[in-house]
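Here the structure comes first, spelled out in C-alpha cells, and everything after it is commentary.
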Amino acid sequence: MDLQTFLQQFVNALSLGSLYALIAIGYTMVYGILRLINFAHGDVFMIGGYLAFYGVSTFLMPWWLAVCLAIVVTTVFGVGLERVAYRPLRDSPRISIMISAIGASFLIENLAIVLFDARPKAFPVSNLFAGNHVIGGVHIAAVSLIIPVVTAVLLAVLLWIVHRTKTGMAMRAVSTDIDAARLMAIDVNRIVSITFAIGSALAAIGGILWALKYPRLEPLMGIMPGLKCFIAAVVGGIGSIAGAVLGGLLLGLIELMTIAVLPELTGYKDAFAFVLLIMVLLVKPTGLLGKNQGEKV
Amino acid sequence: MNTLQKKPMSRDAMLTLGAAVIGLVLLFVFDSTFDRFTMQIFKLCAINIILALSLNLINGFTGLFSLGHAGFMAVGAYTCALLAMTPDQKATNFVLQPIAPWLLDLHLPFLPALLVSGLIAGFIGWFLGVVALRLRDDYLAIATLGFSEIIRVVLTNTQSITNGSLGLKGIPRYTTMWWAWGSAVVITLFLVLLIKSSYGRAFKSIRDNEIAAESMGVDVFGMKVLSFTISSFLAGIAGGLLAHYLTTIDPKQFIFLKTFDILLIVVLGGVGSITGSIVAAIVVTISMEALRFLDGPLNLGFMVTNGVPGLRMVFFSALLMVVVIFRQQGLMGTSEFSWDSLSRIGLLPKRGPKSGKGGE
C-alpha cells in the first residue's frame, strides 16, 4: 500500500471513527449513570436522520432549521423514551430493564416501518456538504471533513459540561453512587433526563451526519451502527467519555484499515467489531480506559 | 409433561395419562383434518415451543441473559439441511461457486442429520460458553449477540459450504407434524426432568444467587457452561426442524432480531416457566397469523385504511413493552402447571392451564 492510499484510508477511517465516537458517547453516558445498555439508542439515531429528511424534503425548511428541529425533537423523544420505558423499571432486576430496552428498540423499529415506510429513502444532501476536496492527492469528501470537526467541537462542549458545570458534577456523582447522590440532595431523575437529552442530541447529530455520509434512510438503519457504537464504548471503557471517543476511532480504523490491507475480508466487515469486542472483554473486560469496579456482594 | 413433577398420586397419574391420550388423539385428529395452511401454523407452534424452551433454560432457569439464539438456530438449520439434502439437490443450489467436494457426498437420513445439527450447535455453544460465560449480565448479552452475528456473517461468506447469501432452496419437507410435535414433546419431557434434577436445582441456585450457590459447593462455571450447551443443542435441533419446515433458508433469516421474536415468547409466558413458554409459544404463533389482517386494509367502521404493512409487529412489540413494564412475571411467572392448581380452584382454569391437554 503506498502512502497516498494509506492517507486516503486513514482520512476515511478518521471520519467514520469520529461518527462512531459521537454515538458511542450516548451509550457510555447512559451506561455510566444507569448501568443500562440503551438498546434503543441506535433507533434514536435513526429517528434523527428521518426527522431531518422530513424537515427538508416534506416541509421544505431551510437546512439549518430542519437540522436544529430534528435535533430538538429527537432529544425530546429520547427523554420521553427514558420516562416511559426505563424509569418505571429503575429498581427492577437488570434483566427486566434490558428486556424493556430491547422491547423499546423493537417497538421503535416497527413503528418506523409503519410510519416512515420500509422502502429506503434517499437523503437530500445539501450542496453545502456535497463535493470533494483534493489535498495532496487525497480525495476528501466535504462530509468527511465536517464530521471530525463537529465531533471535536461537541466533545469539547460535553467535557466542559461534565467537568466544569454543576450539572456535570451532579452527573458524575450519580454515576459514582446513585443512592449517595440522592442523599446529597441531587435530583436523580432530572440528571438522568439530562443525560438522556445529551445522548439523544448527540445521536440525532450522528444520525444526520451518517445520512449525509451514506444518503440512504431505512427504518432498520440504526441497528448496526448502534451495536458497533456500543461496542466502541465497551472497548474504550464504558462510562468514560474519553474511552468512547478512543473506542470509536479505534473501531473506525480497524474496520477500514483491515479491508484496505486484506481486501478479501470485505465480506466479514460487520464481524470485526464483534471480534474486537470479544477480545477486549476477555483480555480487559473494563475496556481500555475503564476503571475496575469490585463486585459488590 | 407434568407426571414427573408430582408426588406419585394415583389421581394425578390418571389425569396425566388421560391428558396424554387425549393429546395423542387430538394430534391424530388434527393430522387428518387440518388443511395445509393450518397444519403449517400448527407445526410452527411446535418449533417455537422448542425454541422458547431452550431460550428459557438459559435465560429463565439459569439466569444468564443470552441473545445468541439466532446463531445456534442458523448452525442447526444449515447443518441439517446440508446433511439431509441429496447430492443432486445440493449441486443445483450452488450456482456461483461449486460446493466443497467433501460436503457434496455427505448424506444422512433426517434423524441422524437432526441429531448431528444439534450436536454441532451444542459444540459451538459449549465453546462460546467457555469463552463468554466469564462475563455477566449485559456484557454477556452483547457478547452472545456478537457471536450470533459473527456466525451469520461467516455463513454469508463461506460460499462453497453454505452457498452464501443465496441460501439453500429445495430442502426436503421432512418436518411433518409428527416430527415437529414429537420433538417438542420429547424435549419438554427432557427439560422437565432436567429442571427437577440436581442439575436443574443448581441452575436455579445460580439464577437466584450466584455467590450463595458457589459457597454451597455448586460448580457455577461448569453449570453455566452445561446449561448454555444444552440450550444451544436444543436451538440447533429447532433450527434443523425449521430448515426442513421452511424448505428455504438464507443467512438473513437468522439476524439477531429472530432472537427477539423468541424472547418475546419467553417473556410473555414467564421467564422461568416451562408451562408459560409452551402456552405463549402456541398463543403467539397463532396470533402472529391471526393478526395478519392488521397488515391489510382495515375497516374501522368510520373509515377504511389502505393497509399498513408492519402494524402486526408494532402490536407485538408494544405488547412486549406493556408486559415488561406492568407484568414482569408474564403469564405464569416461575410457577408451573399442576393438577393441584386446577383442583384448588375447583377444576376451573385460572391462569391458562389448558396446556395440560395440548399434548405437550
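Chain labels A, B, ... are given in the sequence in which chains occur in the C-alpha cells; within each chain residues are numbered consecutively from 1, and ligands are likewise numbered from 1 in the order shown.
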- Task: Would you kindly report the residues of chain A within 10 Å of chain B, using only C-alpha atoms, as an MDAnalysis selection string?
- Result: chainID A and resid 35:37 84:89 92:115 117:118 223 227:228 230:231 234 265:279 281:282 285 297
Requested write-out: C-alpha atoms of the selected residues, as a short mmCIF file (atom, residue, chain, number, x, y, z; two decimals), in the first residue's frame:
data_model
loop_
_atom_site.label_atom_id
_atom_site.label_comp_id
_atom_site.auth_asym_id
_atom_site.auth_seq_id
_atom_site.Cartn_x
_atom_site.Cartn_y
_atom_site.Cartn_z
CA ARG A 35 -25.84 0.65 34.16
CA LEU A 36 -28.19 0.12 31.25
CA ILE A 37 -27.46 -0.70 27.63
CA VAL A 84 -41.84 5.59 29.53
CA ALA A 85 -39.61 2.56 29.13
CA TYR A 86 -36.81 2.80 31.68
CA ARG A 87 -37.93 4.89 34.65
CA PRO A 88 -40.74 2.54 35.79
CA LEU A 89 -38.21 -0.28 35.92
CA SER A 92 -36.27 -3.96 38.83
CA PRO A 93 -33.79 -6.73 38.09
CA ARG A 94 -31.35 -5.80 35.37
CA ILE A 95 -32.74 -8.43 33.02
CA SER A 96 -36.14 -6.70 33.09
CA ILE A 97 -34.64 -3.34 32.21
CA MET A 98 -32.66 -4.90 29.42
CA ILE A 99 -35.74 -6.64 28.03
CA SER A 100 -37.52 -3.32 28.23
CA ALA A 101 -34.70 -1.69 26.28
CA ILE A 102 -34.83 -4.42 23.66
CA GLY A 103 -38.61 -4.10 23.52
CA ALA A 104 -38.37 -0.33 23.11
CA SER A 105 -35.89 -0.76 20.29
CA PHE A 106 -38.12 -3.36 18.67
CA LEU A 107 -41.16 -1.10 19.01
CA ILE A 108 -39.44 1.98 17.59
CA GLU A 109 -38.16 -0.02 14.62
CA ASN A 110 -41.56 -1.46 13.87
CA LEU A 111 -43.25 1.90 14.33
CA ALA A 112 -40.70 3.38 11.95
CA ILE A 113 -41.54 0.71 9.38
CA VAL A 114 -45.22 1.69 9.65
CA LEU A 115 -44.75 5.46 9.80
CA ASP A 117 -42.35 3.12 5.15
CA ALA A 118 -39.94 0.21 4.88
CA ILE A 223 -29.25 -1.31 14.33
CA LEU A 227 -24.39 -2.10 18.02
CA LYS A 228 -21.00 -1.07 16.73
CA PHE A 230 -21.98 0.28 21.84
CA ILE A 231 -19.02 -1.98 21.18
CA VAL A 234 -17.22 -1.04 25.72
CA LEU A 265 -12.04 -9.88 4.18
CA THR A 266 -14.52 -7.28 2.93
CA GLY A 267 -17.47 -9.61 3.43
CA TYR A 268 -16.56 -10.03 7.06
CA LYS A 269 -16.55 -6.28 7.76
CA ASP A 270 -19.57 -6.33 10.05
CA ALA A 271 -17.99 -9.04 12.19
CA PHE A 272 -14.80 -7.10 13.02
CA ALA A 273 -16.50 -5.06 15.70
CA PHE A 274 -17.81 -8.17 17.43
CA VAL A 275 -14.46 -9.94 17.28
CA LEU A 276 -12.82 -6.84 18.74
CA LEU A 277 -15.45 -6.71 21.46
CA ILE A 278 -14.95 -10.32 22.46
CA MET A 279 -11.18 -9.98 22.50
CA LEU A 281 -13.86 -8.39 27.02
CA LEU A 282 -11.67 -11.44 27.50
CA PRO A 285 -13.24 -6.52 30.49
CA VAL A 297 -21.89 -8.74 47.31
#
- Test item: residues at most 10 Å from Pro87 in chain B, only C-alpha atoms, excluding those fewer than 4 positions along its chain, as number ranges by chain: B: 82-83, 91-92, 99, 101, 103-107
As a CSV table (one decimal) with N, CA and C atoms, in the first residue's frame, please: the residues near Ala152 in chain A (cut-off 9 Å, only C-alpha atoms, same-chain neighbours under 5 positions excluded).
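Just written: result-v1.csv:
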chain,number,residue,atom,x,y,z
A,18,SER,N,-14.9,9.1,14.0
A,18,SER,CA,-15.5,10.2,14.8
A,18,SER,C,-17.0,10.1,14.8
A,147,ILE,N,-17.3,15.9,9.6
A,147,ILE,CA,-17.6,15.0,10.7
A,147,ILE,C,-16.6,15.1,11.9
A,157,VAL,N,-17.5,20.7,24.1
A,157,VAL,CA,-18.6,21.2,24.9
A,157,VAL,C,-19.0,20.2,26.0
- Task: Skip range 199-213 of chain A itself and residues of its chain fewer than 4 positions away, then list as a ChimeraX atom specification all residues within 6 Å of it, counting only C-alpha atoms.
- Result: /A:23,26,45-46,48-49,71,75,78,125
Set the distance at 9 Å and use only C-alpha atoms: which residues neighbour range 163-171 of chain A once local chain neighbours fewer than 4 positions away are removed? I'd like the list as an mmCIF file with C-alpha atoms, in the first residue's frame.
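The resulting file, part18.cif, is reproduced below:
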data_model
loop_
_atom_site.group_PDB
_atom_site.id
_atom_site.type_symbol
_atom_site.label_atom_id
_atom_site.label_comp_id
_atom_site.auth_asym_id
_atom_site.auth_seq_id
_atom_site.Cartn_x
_atom_site.Cartn_y
_atom_site.Cartn_z
ATOM 1 C CA ILE A 33 -25.322 6.543 35.133
ATOM 2 C CA LEU A 158 -19.502 17.953 26.506
ATOM 3 C CA LEU A 159 -16.305 17.758 28.526
ATOM 4 C CA SER A 175 -22.642 7.818 38.129
ATOM 5 C CA THR A 176 -20.443 7.033 41.130
ATOM 6 C CA ALA A 181 -26.054 11.222 45.234
ATOM 7 C CA ILE A 186 -29.249 15.664 43.851
ATOM 8 C CA ASP A 187 -32.425 15.281 41.818
ATOM 9 C CA VAL A 188 -31.503 11.934 40.257
ATOM 10 C CA ILE A 191 -29.903 14.209 35.993
ATOM 11 C CA VAL A 192 -30.981 11.027 34.225
ATOM 12 C CA ILE A 194 -30.427 15.460 31.157
ATOM 13 C CA THR A 195 -28.133 12.536 30.376
#
- Message: Residues near Met184 in chain A, anyone? I mean within 10 Å using only C-alpha atoms, not counting same-chain ones fewer than 4 positions away, as a PyMOL selection string.
- Response: chain A and resi 170+173-174+178-180
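Every protein or nucleic acid residue with an atom no more than 9 Å from range 215-218 of chain B, counting only C-alpha atoms and leaving out same-chain residues fewer than 4 positions away, appears here: Ala202, Ser205, Ile206, Glu210, Ile211, Gly222 and Met223 of chain B.
Using only C-alpha atoms, the smallest distance between any of B:Gln97, B:Thr86, B:Thr188, B:Ser117 and Gly170 in chain B comes from B:Thr86.
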- Task: Would you list, as a VMD selection string, the residues of range 94-298 of chain B that end up in helix (DSSP H, G or I) under DSSP run on this structure's backbone?
- Result: chain B and resid 101 to 104 110 to 132 137 to 157 159 to 162 164 to 166 177 to 196 198 to 208 210 to 215 220 to 246 251 to 254 257 to 269 274 to 295
Keeping only C-alpha atoms, write those residues as a short mmCIF file (atom, residue, chain, number, x, y, z; two decimals), in the first residue's frame.
data_model
loop_
_atom_site.label_atom_id
_atom_site.label_comp_id
_atom_site.auth_asym_id
_atom_site.auth_seq_id
_atom_site.Cartn_x
_atom_site.Cartn_y
_atom_site.Cartn_z
CA PRO B 101 -16.48 -31.86 -2.63
CA TRP B 102 -16.32 -33.41 0.84
CA LEU B 103 -19.70 -31.91 1.61
CA LEU B 104 -21.36 -32.94 -1.63
CA PHE B 110 -33.28 -36.99 8.67
CA LEU B 111 -32.99 -38.19 12.27
CA PRO B 112 -29.20 -38.54 12.35
CA ALA B 113 -28.90 -35.25 10.45
CA LEU B 114 -31.10 -33.58 13.04
CA LEU B 115 -29.06 -35.01 15.89
CA VAL B 116 -25.79 -34.01 14.26
CA SER B 117 -27.07 -30.48 13.76
CA GLY B 118 -27.96 -30.34 17.44
CA LEU B 119 -24.55 -31.70 18.38
CA ILE B 120 -22.69 -29.20 16.24
CA ALA B 121 -24.75 -26.31 17.57
CA GLY B 122 -24.18 -27.68 21.06
CA PHE B 123 -20.45 -27.94 20.48
CA ILE B 124 -20.28 -24.35 19.26
CA GLY B 125 -22.41 -23.37 22.24
CA TRP B 126 -20.00 -25.17 24.55
CA PHE B 127 -17.04 -23.40 23.02
CA LEU B 128 -18.68 -19.97 23.14
CA GLY B 129 -19.85 -20.72 26.65
CA VAL B 130 -16.34 -21.46 27.86
CA VAL B 131 -15.20 -18.21 26.28
CA ALA B 132 -18.09 -15.88 27.06
CA ASP B 137 -25.38 -9.54 32.68
CA ASP B 138 -25.37 -7.08 29.85
CA TYR B 139 -21.81 -7.87 28.81
CA LEU B 140 -22.82 -11.48 28.31
CA ALA B 141 -25.89 -10.38 26.37
CA ILE B 142 -23.91 -8.24 24.00
CA ALA B 143 -21.14 -10.83 23.61
CA THR B 144 -23.59 -13.62 22.74
CA LEU B 145 -25.38 -11.28 20.37
CA GLY B 146 -21.99 -10.58 18.83
CA PHE B 147 -21.28 -14.29 18.45
CA SER B 148 -24.57 -14.88 16.72
CA GLU B 149 -23.85 -12.05 14.30
CA ILE B 150 -20.36 -13.47 13.66
CA ILE B 151 -21.93 -16.84 12.86
CA ARG B 152 -24.29 -15.14 10.43
CA VAL B 153 -21.50 -13.19 8.74
CA VAL B 154 -19.44 -16.38 8.40
CA LEU B 155 -22.43 -18.21 6.89
CA THR B 156 -22.88 -15.39 4.41
CA ASN B 157 -19.26 -15.56 3.31
CA GLN B 159 -19.81 -19.54 -0.40
CA SER B 160 -18.64 -23.09 -1.12
CA ILE B 161 -20.15 -24.51 2.06
CA THR B 162 -23.35 -22.58 2.70
CA GLY B 164 -23.52 -17.61 0.89
CA SER B 165 -26.30 -15.07 0.78
CA LEU B 166 -28.17 -17.04 -1.88
CA MET B 177 -46.44 -32.80 12.26
CA TRP B 178 -45.22 -35.95 13.99
CA TRP B 179 -41.59 -34.86 13.76
CA ALA B 180 -42.34 -31.35 15.00
CA TRP B 181 -44.66 -32.28 17.84
CA GLY B 182 -42.75 -35.45 18.65
CA SER B 183 -39.56 -33.46 19.14
CA ALA B 184 -41.43 -30.84 21.15
CA VAL B 185 -42.87 -33.48 23.50
CA VAL B 186 -39.55 -35.29 23.94
CA ILE B 187 -37.70 -32.04 24.60
CA THR B 188 -40.35 -30.83 27.03
CA LEU B 189 -40.13 -34.10 28.97
CA PHE B 190 -36.35 -33.88 28.95
CA LEU B 191 -36.39 -30.31 30.26
CA VAL B 192 -38.93 -31.10 32.97
CA LEU B 193 -36.70 -33.95 34.12
CA LEU B 194 -33.63 -31.76 33.92
CA ILE B 195 -35.17 -28.93 35.92
CA LYS B 196 -36.35 -31.39 38.58
CA SER B 198 -29.98 -31.79 40.89
CA TYR B 199 -28.66 -30.05 37.78
CA GLY B 200 -31.86 -28.06 37.50
CA ARG B 201 -31.64 -27.07 41.13
CA ALA B 202 -28.05 -26.00 40.58
CA PHE B 203 -29.16 -23.86 37.60
CA LYS B 204 -31.83 -22.19 39.68
CA SER B 205 -29.46 -21.58 42.56
CA ILE B 206 -27.13 -19.78 40.17
CA ARG B 207 -30.04 -17.68 38.95
CA ASP B 208 -31.14 -16.77 42.45
CA GLU B 210 -24.52 -16.87 42.27
CA ILE B 211 -22.30 -16.23 45.25
CA ALA B 212 -24.51 -18.22 47.59
CA ALA B 213 -24.59 -21.07 45.07
CA GLU B 214 -20.83 -21.09 44.85
CA SER B 215 -20.42 -21.15 48.60
CA VAL B 220 -21.03 -22.29 38.99
CA PHE B 221 -18.96 -22.00 35.85
CA GLY B 222 -19.39 -25.65 34.87
CA MET B 223 -23.14 -25.47 35.40
CA LYS B 224 -23.40 -22.30 33.36
CA VAL B 225 -21.49 -23.91 30.51
CA LEU B 226 -23.66 -27.03 30.75
CA SER B 227 -26.87 -25.02 30.63
CA PHE B 228 -25.57 -22.96 27.73
CA THR B 229 -24.52 -26.09 25.83
CA ILE B 230 -27.88 -27.83 26.29
CA SER B 231 -29.67 -24.67 25.27
CA SER B 232 -27.59 -24.37 22.08
CA PHE B 233 -28.11 -28.07 21.34
CA LEU B 234 -31.88 -27.61 21.53
CA ALA B 235 -31.72 -24.43 19.47
CA GLY B 236 -29.77 -26.39 16.85
CA ILE B 237 -32.45 -29.08 16.75
CA ALA B 238 -35.13 -26.44 16.38
CA GLY B 239 -33.10 -24.84 13.61
CA GLY B 240 -32.87 -28.17 11.80
CA LEU B 241 -36.61 -28.68 12.09
CA LEU B 242 -37.16 -25.14 10.88
CA ALA B 243 -34.98 -25.65 7.80
CA HIS B 244 -36.99 -28.69 6.76
CA TYR B 245 -40.19 -26.87 7.59
CA LEU B 246 -39.46 -23.73 5.57
CA PRO B 251 -28.44 -16.14 6.44
CA LYS B 252 -30.70 -13.08 6.62
CA GLN B 253 -33.39 -15.11 8.37
CA PHE B 254 -31.07 -15.59 11.29
CA LEU B 257 -33.97 -9.90 15.53
CA LYS B 258 -35.02 -13.54 15.31
CA THR B 259 -33.75 -13.96 18.87
CA PHE B 260 -36.04 -11.10 19.90
CA ASP B 261 -39.03 -12.99 18.49
CA ILE B 262 -38.23 -15.92 20.77
CA LEU B 263 -37.51 -13.60 23.67
CA LEU B 264 -40.99 -12.16 23.19
CA ILE B 265 -42.49 -15.63 23.69
CA VAL B 266 -40.35 -16.33 26.74
CA VAL B 267 -41.17 -13.01 28.40
CA LEU B 268 -44.88 -13.26 27.68
CA GLY B 269 -45.01 -16.79 29.04
CA ILE B 274 -41.92 -24.26 31.12
CA THR B 275 -45.71 -24.15 31.06
CA GLY B 276 -45.62 -20.44 30.34
CA SER B 277 -43.25 -20.86 27.41
CA ILE B 278 -45.41 -23.60 25.90
CA VAL B 279 -48.65 -21.65 26.22
CA ALA B 280 -47.05 -18.43 24.99
CA ALA B 281 -45.39 -20.18 22.04
CA ILE B 282 -48.75 -21.52 20.89
CA VAL B 283 -50.63 -18.27 21.53
CA VAL B 284 -48.01 -16.05 19.90
CA THR B 285 -47.57 -18.31 16.86
CA ILE B 286 -51.29 -18.48 16.24
CA SER B 287 -51.88 -14.79 16.83
CA MET B 288 -48.97 -13.87 14.56
CA GLU B 289 -51.04 -15.48 11.81
CA ALA B 290 -54.46 -14.46 13.11
CA LEU B 291 -53.43 -10.81 13.31
CA ARG B 292 -52.19 -10.77 9.75
CA PHE B 293 -55.33 -8.80 8.89
CA LEU B 294 -53.71 -5.84 10.70
CA ASP B 295 -51.25 -5.51 7.85
#
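Ranking A:Asp2, A:Asp177, A:Glu218, A:Asp91 by their shortest atom-to-atom distance to Phe53 in chain A, with only C-alpha atoms included, puts A:Glu218 first.
Interatomic distance, CA of Ile161 in chain A to CA of Ala244 in chain A: 16.4 Å.
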